[in-house]
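Working notes for the structure below.
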Amino acid sequence: MKKVILAAIAVMAFGFANAQDVKFGLKGGINLSRFSGDIEDASSKIGFQVGGFAEFKLTDKFSIQPELLYSTQGAKFEESEVNYFYKEKINTNYLNVPVMAKYYVASKFSVEAGPQIGFLLSAKDKWEEMYYGEKNSGTDDAKDDIKSVSFGLNVGAGYDFTENVSVGVRYNFGLSNISDFDSDAKIHNNVVSLSVGYKF
């Protein structure tokens with residue numbers, strides 16, 4: 001993972017030094033996140049992301065785009081049997097730093113890929129249980145159960161409606177194990193995001 005971080009820093013430095021044109025912008029959108037790995041019955045939950053970016057145009061076709069994003073993620077779980085129902089939602093908040101390499105297939109359409117490091121800001125476990133008509137619920141702090149740093153790989157595509165307004169879709173493959181409550185469990189973040197951006 002250290003090699004990934006060093007490579008991302010090197011790419012950003014190269015982008016600063018060789019950029020022909022630099023544009024800054026804001027972006028925000030919807031997340032659809034879930035957990036994968038050694039975990040059962042996890043389903044997706046809806047969240048959001050918001051933040052800023054800088055696009056360093058190296059050539060007419062190729063650019064580097066580092067970003068800083070606040071992202072709400074997590075997963076949902078449900079279990080039901082006769083006279084029993086259990087529902088749980090794990091809400092995690094991250095400060096994500098992706099560094100994307102963008103290639104413009106056409107003048108307005110681009111594909112992208114790049115590494116991402118995420119810093120866990122908070123994690124809450126909200127649960128609800130009903131057993132023979134008796135209901136219990138609560139919210140627990142789950143930050144100690146999730147590792148403070150996560151690593152992933154992003155792939156996606158974007159379309160520029162104008163010089164300023166763009167839309168993008170991205171998938172984040174969680175590469176690192178985020179589980180900090182079970183040394184044998186391997187759990188990963190997975191996030192699909194749809195965003196709208198505005199370049200200044």
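For the structure tokens, the naming scheme is as follows: chains receive sequential letters (A, B, ...) according to their order of presentation, residues are indexed from 1 within each chain, and ligands are indexed from 1 in presentation order.
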Inset, instruction - Enumerate, as number ranges by chain, the complete set of residues in region 17-197 of chain A that a backbone-based DSSP assignment places in strand (DSSP E). - result: A: 21-37, 42-43, 45-57, 62-81, 84-104, 109-131, 134-141, 149-160, 165-174, 187-197
Inset, instruction - Can you pull out every residue within 9 Å of Arg170 (chain A), counting only C-alpha atoms, but drop anything in the same chain fewer than 4 positions away, and send it as a PyMOL selection string? - result: chain A and resi 112-113+154-158+191-195
Legend entry - Within 12 Å of Val167 (chain A) using only C-alpha atoms, minus same-chain residues under 5 positions, as a ChimeraX atom specification: /A:26-30,108-111,156-162,193-199
Legend entry - Two-atom distance - CA of Pro115 (chain A), CA of Ala101 (chain A) (Å):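 About the pair CA of Pro115 (chain A) and CA of Ala101 (chain A): they are 9.3 Å apart.
Residue nearest Glu78 (chain A), chosen from A:Asp140, A:Ala42, A:Met100, A:Ile64 and counting only C-alpha atoms: A:Ala42.
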Inset, instruction - Would you please work out which residue, of A:Asn83, A:Thr72, A:Phe62, A:Gly52, is nearest to Lys135 (chain A) when using only C-alpha atoms? - result: A:Asn83
Legend entry - Surrounding residues of Phe119 (chain A) excluding itself and chain neighbours under 6 positions, 7 Å, only C-alpha atoms, as a count of residues only: 6
Inset, instruction - Write out as number ranges by chain each polymer residue whose atoms come within 7 Å of Val99 (chain A), counting only C-alpha atoms; drop sequence neighbours fewer than 3 positions from it. - result: A: 8, 65-67, 114-116
Legend entry - Counting only C-alpha atoms, the residue of A:Asn164, A:Asn31, A:Ser36, A:Thr139 that sits nearest His188 (chain A):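 Once distances to His188 (chain A) are computed over only C-alpha atoms, the minimum belongs to A:Ser36.
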Legend entry - Pick from A:Gln49, A:Ser33, A:Asn190, A:Ser80, whichever lies nearest to Leu68 (chain A) using only C-alpha atoms: A:Gln49
Inset, instruction - Go through A:Glu129, A:Asp144, A:Glu163, A:Glu134 and flag the residue nearest Gly25 (chain A), using only C-alpha atoms for the distances. - result: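 Nearest to Gly25 (chain A): A:Glu163.
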Inset, instruction - Considering only C-alpha atoms, return as a list of chain:residue names whatever protein or nucleic-acid residues lie within 12 Å of Gly37 (chain A), sequence-local ones (same chain, fewer than 6 positions apart) excluded. - result: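 Using only C-alpha atoms, the neighbours found are A:Phe173, A:Gly174, A:Leu175, A:Ser176, A:Asn177, A:Ile178, A:Ser179, A:Asp184, A:Ala185, A:Lys186, A:Ile187, A:His188, A:Asn189, A:Asn190.
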Can you spit out the residues from that selection as a compact mmCIF listing (two decimals), in the first residue's frame, using N, CA, C and O atoms?
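The result, written out as result22.txt:
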# COMPACT_ATOMS: atom_id res chain seq x y z
N PHE A 173 -13.33 -0.23 -6.10
CA PHE A 173 -13.03 -1.58 -5.61
C PHE A 173 -12.21 -1.45 -4.34
O PHE A 173 -11.07 -0.95 -4.39
N GLY A 174 -12.74 -1.89 -3.21
CA GLY A 174 -11.97 -1.86 -1.98
C GLY A 174 -10.88 -2.91 -2.01
O GLY A 174 -11.17 -4.11 -2.15
N LEU A 175 -9.63 -2.50 -1.89
CA LEU A 175 -8.50 -3.44 -1.94
C LEU A 175 -8.04 -3.87 -0.55
O LEU A 175 -7.52 -4.97 -0.39
N SER A 176 -8.20 -3.03 0.44
CA SER A 176 -7.70 -3.33 1.78
C SER A 176 -8.81 -3.88 2.68
O SER A 176 -9.99 -3.60 2.49
N ASN A 177 -8.40 -4.64 3.67
CA ASN A 177 -9.32 -5.17 4.67
C ASN A 177 -9.66 -4.09 5.68
O ASN A 177 -8.76 -3.53 6.32
N ILE A 178 -10.95 -3.77 5.83
CA ILE A 178 -11.33 -2.71 6.77
C ILE A 178 -11.75 -3.25 8.13
O ILE A 178 -12.01 -2.48 9.06
N SER A 179 -11.81 -4.58 8.28
CA SER A 179 -12.27 -5.17 9.55
C SER A 179 -11.20 -5.02 10.62
O SER A 179 -10.05 -5.41 10.44
N ASP A 184 -9.57 -12.66 11.65
CA ASP A 184 -9.72 -13.64 10.57
C ASP A 184 -10.65 -13.15 9.46
O ASP A 184 -10.67 -13.73 8.37
N ALA A 185 -11.43 -12.13 9.72
CA ALA A 185 -12.39 -11.64 8.72
C ALA A 185 -11.73 -10.65 7.78
O ALA A 185 -10.93 -9.82 8.19
N LYS A 186 -12.09 -10.75 6.51
CA LYS A 186 -11.61 -9.81 5.50
C LYS A 186 -12.84 -9.16 4.84
O LYS A 186 -13.61 -9.83 4.17
N ILE A 187 -13.00 -7.87 5.10
CA ILE A 187 -14.15 -7.12 4.61
C ILE A 187 -13.65 -5.92 3.80
O ILE A 187 -12.67 -5.27 4.19
N HIS A 188 -14.34 -5.64 2.69
CA HIS A 188 -13.90 -4.57 1.80
C HIS A 188 -15.04 -3.61 1.49
O HIS A 188 -16.20 -4.01 1.43
N ASN A 189 -14.68 -2.34 1.30
CA ASN A 189 -15.64 -1.35 0.82
C ASN A 189 -15.85 -1.49 -0.69
O ASN A 189 -14.88 -1.73 -1.42
N ASN A 190 -17.07 -1.32 -1.13
CA ASN A 190 -17.38 -1.24 -2.56
C ASN A 190 -18.41 -0.14 -2.75
O ASN A 190 -19.45 -0.15 -2.08
